[in-house]
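I have placed the structure first, in the form of structure tokens, so that the comments after it can refer back to it.
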Amino acid sequence: MPYSRVQQYENLNNVRAKTLEIALFSTNPGASGTGTELTASGGYARQSITFAAPQVGGGGAYIANDTLINFGAASGDYSAAISYWAVYEVGGDLVTYGVFQELGVDSTRTIRTGDAFRIAIGTIIIRERD
């Protein structure tokens with residue numbers, strides 16, 4: 001059952017108000033967040049993520065990341081190929097997750113020493129459907 005536009009904006013603004021970070025996964029985190037997150041090998045660490053104000057499009061309201069997310073140059077090979085992403089409250093609960101392939105990124109991405117993994121502005125989208 002879809003929410004009204006006012007409720008969609010309220011839900012999305014509640015997400016925006018949180019202090020958030022994005023994590024990279026090699027397996028689907030699922031709704032419980034129990035997939036396989038990359039380990040700290042190669043210098044991997046979760047990164048901060050913020051979202052722009054809600055917009056309307058694509059059959060509902062949505063928010064998208066408003067800054068470039070830069071995981072920096074890897075100091076060594078990452079522990080596994082990246083296939084999924086997840087947004088968490090810092091030190092807390094899973095907010096949402098997705099698969100990179102749906103974002104136009106290769107279905108898996110292997111990060112090797114010296115590679116820099118970046119996520120462009122507007123790539124990570126959280127949507128409330130009509």
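Letters for chains follow the order of the structure tokens (A, B, ...), residue numbers begin at 1 for each chain, and ligand numbers begin at 1 in the order shown.
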_Would you pick out the contacts of A:Asn65 at 6 Å or less, using only C-alpha atoms, so that residues sharing its chain but fewer than 4 positions from it are not included, and give the list as a PyMOL selection string?_
chain A and resi 50-51+121-122+124
Restricting the output to N, CA and C atoms, write the selected residues as a PDB file, in the first residue's frame.
```pdb
ATOM      1  N   THR A  50      25.532  11.098   2.702  1.00  0.00           N
ATOM      2  CA  THR A  50      24.432  12.028   2.960  1.00  0.00           C
ATOM      3  C   THR A  50      23.550  12.068   1.719  1.00  0.00           C
ATOM      4  N   PHE A  51      22.334  12.527   1.918  1.00  0.00           N
ATOM      5  CA  PHE A  51      21.349  12.533   0.847  1.00  0.00           C
ATOM      6  C   PHE A  51      20.763  13.922   0.648  1.00  0.00           C
ATOM      7  N   ILE A 121      27.826  10.960  -7.375  1.00  0.00           N
ATOM      8  CA  ILE A 121      26.660  11.670  -6.835  1.00  0.00           C
ATOM      9  C   ILE A 121      25.411  11.161  -7.562  1.00  0.00           C
ATOM     10  N   GLY A 122      24.339  10.951  -6.797  1.00  0.00           N
ATOM     11  CA  GLY A 122      23.057  10.529  -7.382  1.00  0.00           C
ATOM     12  C   GLY A 122      22.948   9.066  -7.684  1.00  0.00           C
ATOM     13  N   ILE A 124      23.315   6.265  -5.298  1.00  0.00           N
ATOM     14  CA  ILE A 124      22.605   5.504  -4.252  1.00  0.00           C
ATOM     15  C   ILE A 124      21.265   6.173  -4.013  1.00  0.00           C
TER      16      ILE A 124
END
```
*asked:* To test your reading of the structure, identify every residue in stretch 29-124 of chain A that backbone DSSP assigns to helix (DSSP H, G or I), and report it as a PyMOL selection string.
replied: chain A and resi 41-43+100-103
Grab the residues selected above and save them as a CSV table (one decimal), in the first residue's frame with N, CA and C atoms.
```
chain,number,residue,atom,x,y,z
A,41,SER,N,40.8,-5.6,5.2
A,41,SER,CA,42.0,-5.8,4.3
A,41,SER,C,42.0,-4.8,3.2
A,42,GLY,N,43.2,-4.3,2.8
A,42,GLY,CA,43.3,-3.4,1.7
A,42,GLY,C,42.9,-2.0,2.0
A,43,GLY,N,42.6,-1.7,3.3
A,43,GLY,CA,42.3,-0.4,3.7
A,43,GLY,C,40.8,-0.1,3.6
A,100,PHE,N,24.8,-3.5,-6.8
A,100,PHE,CA,25.4,-2.5,-7.7
A,100,PHE,C,25.0,-2.7,-9.2
A,101,GLN,N,24.7,-3.9,-9.6
A,101,GLN,CA,24.3,-4.2,-11.0
A,101,GLN,C,23.1,-3.3,-11.4
A,102,GLU,N,22.2,-3.1,-10.5
A,102,GLU,CA,21.0,-2.3,-10.7
A,102,GLU,C,21.4,-0.8,-10.9
A,103,LEU,N,22.6,-0.4,-10.5
A,103,LEU,CA,23.0,1.0,-10.6
A,103,LEU,C,23.9,1.2,-11.9
```
*asked:* For a quick check of understanding, using only C-alpha atoms, which of A:Ser48, A:Thr36, A:Ser4, A:Asn11 has the smallest distance to A:Tyr88?
replied: A:Ser48
*So, counting only C-alpha atoms, which residue among A:Ala23, A:Ile111, A:Ala73, A:Ile119 is closest to A:Gly35?*
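Answer, going by the shortest atom-to-atom distance: A:Ala23.
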_When you look at A:Leu20 with a cut-off of 12 Å (counting only C-alpha atoms), what residues show up, excluding the ones that are within fewer than 6 positions of it in the same chain? I need them as number ranges by chain._
A: 14, 46-51, 65, 86-96
*asked:* Would you compute the distance between atom CA of A:Tyr3 and atom CA of A:Ala17? Give it in Å to one decimal.
replied: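 Separation between atom CA of A:Tyr3 and atom CA of A:Ala17: 19.6 Å.
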*Apply DSSP to the backbone of this structure and, from stretch 69-125 of chain A, keep only the residues in strand (DSSP E or B); write these as a PyMOL selection string.*
chain A and resi 69-73+82+84-89+94-99+109+116-119+125
Output C-alpha atoms of each residue in that selection to a file, as a CSV table (one decimal), in the first residue's frame.
```csv
chain,number,residue,atom,x,y,z
A,69,ILE,CA,31.6,8.7,-2.0
A,70,ASN,CA,35.4,7.9,-2.2
A,71,PHE,CA,36.7,4.7,-0.6
A,72,GLY,CA,40.2,5.9,-1.6
A,73,ALA,CA,43.1,4.0,-3.1
A,82,ILE,CA,32.0,-6.1,-4.4
A,84,TYR,CA,26.2,-5.1,-3.0
A,85,TRP,CA,26.0,-2.0,-0.9
A,86,ALA,CA,24.2,-1.2,2.3
A,87,VAL,CA,23.4,2.0,4.2
A,88,TYR,CA,23.6,1.9,8.0
A,89,GLU,CA,23.1,4.3,10.8
A,94,LEU,CA,20.7,-1.3,8.6
A,95,VAL,CA,18.6,1.3,6.7
A,96,THR,CA,18.5,-0.1,3.2
A,97,TYR,CA,20.6,-2.1,0.7
A,98,GLY,CA,20.9,-2.9,-3.0
A,99,VAL,CA,22.9,-4.5,-5.7
A,109,ARG,CA,34.0,-5.4,-8.9
A,116,ALA,CA,40.1,3.6,-6.0
A,117,PHE,CA,36.5,2.8,-5.6
A,118,ARG,CA,34.1,5.7,-5.9
A,119,ILE,CA,30.4,6.1,-6.1
A,125,ILE,CA,18.8,6.0,-4.3
```
*Write out as a PyMOL selection string the residues lying within 9 Å of A:Gly58, counting only C-alpha atoms and excluding same-chain residues fewer than 4 positions away.*
chain A and resi 62+127+129
*Between A:Thr123, A:Ser79, A:Thr110, A:Thr39, which one has atoms that come closest to A:Asp66, using only C-alpha atoms?*
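When distances to A:Asp66 are compared using only C-alpha atoms, the smallest one comes from A:Thr123.
Nearest residue to A:Pro29, choosing from A:Thr108, A:Ser83, A:Thr113, A:Gln55 and counting only C-alpha atoms: A:Ser83.
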*Using only C-alpha atoms, determine which residues lie at most 10 Å from A:Gln7, disregarding the query and same-chain residues fewer than 6 positions distant; provide the list as number ranges by chain.*
A: 13, 61, 128
*Given the choices A:Ala81, A:Leu24, A:Gly114, A:Glu10, which gets closest to A:Tyr44 if the distance is worked out from only C-alpha atoms?*
A:Leu24
*asked:* One number please: atom CA of A:Pro2 to atom CA of A:Lys18, in Å, one decimal.
replied: 23.1 Å
